[in-house]
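Everything on this sheet refers to the single structure shown next.
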Amino acid sequence: MDELEAIKVTFFQECEELLADLEGGLLAMQDGNDDGDTVNAVFRAVHSIKGGAGAFGLEPLVRFAHVFETLLDALRSNEIPGTPDLTALLLRASDVLADHVSAARGLGVVDMDVSAAMAAELKIATDPNAAPAAAAPVAEAPQYVDAAPIVIGADDGMDDDDLGFDFQPMTITLDAQAADAAVLDGDVWTVSIRPKSDLYRKANETALLLRELSRLGPIQATLDDSALPALEFIDPEAAYVTWSVRVETEQGEEAIREVFEFVDGDCDLEITRGEAPVADVLASLLDIAAPAPAPEAAPVAVEIPAEAPPVSAVGPAAEAAPLAAPMPVSAPAPAAPPVAANAPAPAAAKPAQIDVPGPGQSVIRVDPERIDRLIDLVGELVINQAMLAQRVGEYGIAPSSNLAMGLDELEQLTREIQDSVMAIRAQPVKSVFQRMPRLVREVANMTGKQARLVMDGENTEVDKTVIERLSDPITHMLRNAIDHGLESPEERKAAGKNPEGVVRLAALHRSGRIVIEVQDDGKGINRERVHSIAVKKGLISPDLTLTDEEIDNLIFLPGFSTADKISDVSGRGVGMDVVKRSVQALGGRISITSRPGLGSTFTLSLPLTLAVLDGMVVDVAGETLVIPLACIVESLRPKAEEIRPLGPVGSVLAVRDSFVPLIDVGLTLNYRDRSPPPTEGVVLLVEGEDGSRAALVADAIHGQRQVVIKSLEQNYQQVEGVAAATILGDGRVALILDVDAVINLRRRGPPPPSDPTLIAAE
Amino acid sequence: MTEPTITSSNETRELISFRVGEQEYCVDIMAVREIRGWSPATTLPQSPAYMRGVINLRGAVLPIMDLAARIGMPTTEPNVRSVFIVVQAGDRTVGLLVDAVSDILSITDDMCQPTPDIACENVRHFVRGIISIEGRMISEISLDRLLPEREALAA
Amino acid sequence: MTRTVLTVDDSRTMRDMLRMALAGAGFNVVEAVDGEHGLEVLSAHRPDVIITDINMPKLDGFGFIEAVRVDDDYRAIPILVLTTESDPSKKQRAREAGATGWIVKPFNPEKLVEAIRRVAA
């Protein structure tokens with residue numbers, strides 16, 4: 001059943017969202033940031049998961065969710081107090097729930113022991129005094145409940161877990177009941193119905209009840225309106241009439257009662273076996289109801305054939321129908337269509353028109369591959385449009401001509417299309433962030449640390465291409481922060497800190513890039529040790545003097561690991577060097593700053609998209625290069641007096657009050673052996689990731705352009721100093737400059753020729 | 001196209017042969033995507049001398065390797081007859097700059113001899129074997145060794 | 001004439017399930033994601049029957065039913081609430097708020113359609 005499968009997919013998508021809501025709510029409770037509605041939202045999340053799971057018969061999930069839900073219900077109705085311990089329990093329970101969801105999805109298995117133990121904990125938290133009650137299904141192992149809740153249900157957790165609530169995915173149908181009923185040939189029943197006004201207030205209708213009765217067999221209804229007051233005394237909202245219905249059915253009393261299920265309590269109902277002469281019924285009723293002097297009180301008999309078309313009298317204006325005198329009921333409208341349920345075949349049923357109104361409610365689900373394809377095509381369009389523009393330029397067509405102006409508009413449109421298409425693919429980083437609280441809990445557990453994760457900027461949006469690449473580095477940075485950054489609770493106490501460490505994960509946009517920060521309030525980097533390890537491993541030369549920052553960043557060198565023993569968490573064969581490389585492969589950068597005793601901060605920055613880039617096109621030694629606009633502070637033509645030599649070969653540029661190192665791009669990239677005087681070229685003042693500035697010298701500027709990023713790695717490999725490539729309007733490949741790498745290249749040579757520091761890493 | 005003279009049950013393979021300097025080399029035709037005339041490449045900085053740069057191949061960035069330089073001979077000076085042979089090497093596509101394409105050969109494995117020991121290290125590294133056909137000596141290039149391992153940049 | 005059913009549920013899965021069952025039976029389905037939204041959709045679509053969940057953000061099922069019942073334009077519309085077996089008190093509260101009938105989750109399509117038939121004119 002394809003449609004059901006599709007809904008199942010939706011269900012699991014929704015589960016992801018609900019689990020995230022659940023966790024988010026619980027974390028807010030943990031931080032004391034919850035408002036009154038948080039606990040309700042948390043409850044709803046679990047409730048909805050249970051509801052959907054029930055629909056798909058996902059029994060273990062339903063059972064666990066039920067126990068969880070019961071506790072949350074108790075919490076939200078203030079039957080039990082919210083405490084930090086309880087919140088911690090709920091958070092762990094949410095992890096188990098997530099495991100159940102994954103298992104139901106076929107992704108992994110649930111540790112039944114863990115699940116059963118958690119369920120037991122939840123039950124005890126729900127009602128600490130109810131252990132005996134909870135123990136009912138645990139009859140074979142009651143000692144577990146009394147003693148440690150952690151070890152309940154050794155092998156068969158889910159069965160022990162069964163509290164005895166019945167959650168059956170299938171409800172019993174009418175037919176089944178009919179079959180169960182004793183066969184009563186030609187049974188005749190008399191049903192007397194005296195509706196109360198509540199029945200109508202709830203939009204139930206006597207006419208519909210009669211129609212339902214008529215489905216059981218031929219009926220004959222008699223109306224007694226003797227209780228009806230004179231018109232001027234009628235309360236339009238009150239009920240005055242009484243029905244006596246003779247039903248001929250084999251389906252028994254239960255089936256008749258079932259018809260009145262919804263009006264139970266809203267009418268006086270009497271069901272008696274056998275014929276009841278109208279007069280008798282009337283007499284009995286007259287005993288009850290005060291006799292009214294209405295002369296027209298003669299009973300009106302209404303015959304409704306078993307196959308009668310439904311009575312179609314109820315409209316918004318018709319709520320007064322039952323008391324609007326005897327008339328309306330006697331008219332089984334022949335034109336009324338049968339209720340769709342009786343439609344002969346599903347084939348006849350038109351697919352329902354799906355209508356989700358309201359602003360922001362409509363959602364189109366699209367295969368991501370289609371969007372990727374669209375983005376690729378738009379990329380080609382951008383290149384083609386640029387090529388066209390260049391050709392037109394080459395033919396010397398005046399910029400004011402219609403052709404040139406049309407091309408300008410085309411460029412505008414192309415750009416807008418590109419932006420719009422990219423926006424489709426943009427996603428908040430939330431989808432990555434929401435996996436992290438669990439990671440933090442697990443890593444903290446494994447390492448014996450106490451850690452609290454604080455997240456910020458979850459709604460920061462980036463292109464899908466980047467989102468997918470964020471998860472790994474964030475995971476590593478968090479692991480590292482907890483495993484290596486945070487101290488043990490004892491150490492923290494000794495240092496006068498809160499035993500619980502805080503790890504902060506934040507996302508923000510900064511100069512056209514996304515920046516991810518992972519900050520811990522741990523001990524900071526032990527620079528002496530890092531330095532000595534780097535020397536011992538031959539990564540740096542022993543007599544080299546490094547700044548604190550340089551020492552901190554030694555941890556990114558390949559083969560560097562500061563852990564005394566390879567811990568279970570960080571030492572899974574993946575060091576920070578690998579993280580750094582994978583980040584750099586994306587045109588990203590990662591660095592660390594540390595303050596001894598106060599903690600460390602990892603900073604990761606990536607472009608917002610890996611598809612397009614705004615760049616400045618420049619000429620350097622006959623090559624065309626693109627410099628990311630995001631790095632450029634300003635461009636200027638230097639005057640001779642602003643250029644000051646510094647040292648044997650270097651020179652700096654005086655920009656206002658500061659001096660900025662001059663870097664000849666052509667020289668740095670080995671396009672040429674010696675740099676021409678900077679005064680003959682153009683200077684682009686750029687800012688590196690770490691905030692350091694440099695003045696890049698190029699020969700000429702061609703202007704700004706949005707370029708489509710093409711990978712060099714796909715067919716070759718990374719090239720130092722080059723972030724990626726693109727294809728320009730003339731169809732040729734131009735390289736996109738990696739500004740930070742160029743600054744670094746320049747810093748360490750060739751002139752000055754040797755700097756053993758970081759070259760050793762290569 | 002030369003008809004193969006089948007002398008054994010070995011399967012027939014087709015090779016494209018080309019000239020590099022005065023020597024003849026070949027690659028398996030199954031690895032060849034296309035052959036293109038010379039067009040100037042964009043220089044890659046910080047790269048070995050045998051990397052001539054990159055070109056735009058229908059929207060993809062294609063690295064161009066000077067085959068002569070790669071196997072240790074003097075670099076090729078491209079002229080009008082120079083071509084790129086676009087080949088698939090592992091998961092990468094790369095253009096090999098050669099002097100001219102000469103032939104398509106059908107060979108059987110028994111026509112292929114191991115590379116003689118006397119050859120220099122470079123040659124032994126990049127040459128799978130030597131094919132003797134009609135008095136010509138053609139060396140078959142081992143494509144998977146041509147491109148350097150992808151190395152990410154540390155530092 | 002196709003009957004229109006308004007389903008009010010914050011769970012997309014449940015809305016989809018309801019839609020599948022109802023559409024299969026030939027109903028026109030309109031959806032709302034919570035009680036507040038339900039009231040908006042109500043005025044735009046004038047459904048013949050309303051099916052609502054109880055636990056929802058913004059305006060829950062009880063509040064939604066009460067709001068419908070005090071509106072002269074809509075109070076005659078039958079409302080079915082989605083309840084669970086384990087929650088008899090909710091059913092009672094829903095009835096007090098003015099629910100016409102109820103559907104026990106998880107429901108099967110026949111049962112759902114039958115419940116609608118019982119309350120729909």
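In the structure tokens, the first chain shown is A, the next is B, and so on; residue numbers restart at 1 for each chain, and ligands run from 1 in the order shown.
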
Which residues are close to Cys26 (chain B), i.e. within 10 Å by only C-alpha atoms, leaving aside same-chain residues fewer than 4 positions away? Reply as a short mmCIF file (atom, residue, chain, number, x, y, z; two decimals) with C-alpha atoms, in the first residue's frame.
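out_37.cif written:
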```cif
data_model
loop_
_atom_site.label_atom_id
_atom_site.label_comp_id
_atom_site.auth_asym_id
_atom_site.auth_seq_id
_atom_site.Cartn_x
_atom_site.Cartn_y
_atom_site.Cartn_z
CA GLU B 14 42.24 -2.39 -28.15
CA LEU B 15 44.78 0.29 -27.43
CA ILE B 16 45.26 3.81 -28.63
CA SER B 17 48.86 4.58 -29.42
CA PHE B 18 50.40 8.03 -29.53
CA ARG B 19 53.70 9.73 -29.85
CA VAL B 20 55.63 11.32 -27.03
CA VAL B 101 47.83 10.16 -31.82
CA SER B 102 49.08 7.48 -34.16
CA ASP B 103 47.00 4.34 -34.16
CA ILE B 104 44.42 2.03 -32.72
CA LEU B 105 45.85 -1.40 -32.03
CA VAL B 127 54.85 1.50 -17.92
CA ILE B 130 55.95 -3.28 -23.80
CA ILE B 131 54.10 -4.31 -26.91
CA ILE B 138 54.96 0.59 -27.91
CA SER B 139 54.90 1.07 -24.15
CA GLU B 140 51.58 0.75 -22.37
CA ILE B 141 50.97 3.38 -19.73
CA SER B 142 49.76 2.35 -16.30
#
```

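For Ile77 (chain C), the residues within 7 Å (counting only C-alpha atoms, excluding itself and residues fewer than 3 positions away along the chain) are Ala203 of chain A; Asp48, Val49 and Tyr74 of chain C.
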
Output for the residues just chosen: N, CA and C atoms as a PDB file, in the first residue's frame:
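again_20.pdb, written as the output of this step:
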```
ATOM      1  N   ALA A 203     -24.611  18.846  18.711  1.00  0.00           N
ATOM      2  CA  ALA A 203     -24.812  18.617  17.283  1.00  0.00           C
ATOM      3  C   ALA A 203     -25.166  17.181  16.954  1.00  0.00           C
TER       4      ALA A 203
ATOM      5  N   ASP C  48     -18.633  19.962   6.668  1.00  0.00           N
ATOM      6  CA  ASP C  48     -19.822  19.254   7.114  1.00  0.00           C
ATOM      7  C   ASP C  48     -19.568  18.539   8.429  1.00  0.00           C
ATOM      8  N   VAL C  49     -18.331  18.106   8.611  1.00  0.00           N
ATOM      9  CA  VAL C  49     -17.953  17.407   9.835  1.00  0.00           C
ATOM     10  C   VAL C  49     -16.548  17.868  10.232  1.00  0.00           C
ATOM     11  N   TYR C  74     -21.600  27.981  13.395  1.00  0.00           N
ATOM     12  CA  TYR C  74     -20.959  26.665  13.253  1.00  0.00           C
ATOM     13  C   TYR C  74     -21.403  25.644  14.290  1.00  0.00           C
TER      14      TYR C  74
END
```

Margin query: Could you work out which residues of chain B fall inside 12 Å of chain A? Count only C-alpha atoms, and format the result as a PyMOL selection string.
Written below: chain B and resi 39-49+51+53-65+86-95+146-155

Notebook entry, point to check: Residues of chain C within 7 Å of chain A, using only C-alpha atoms, as a VMD selection string?
Noted result: chain C and resid 11 to 14 16 to 17 23 to 31 41 55 73 to 74 76 to 78 98 to 101 106 to 108 111 113 to 114 117 to 119 121
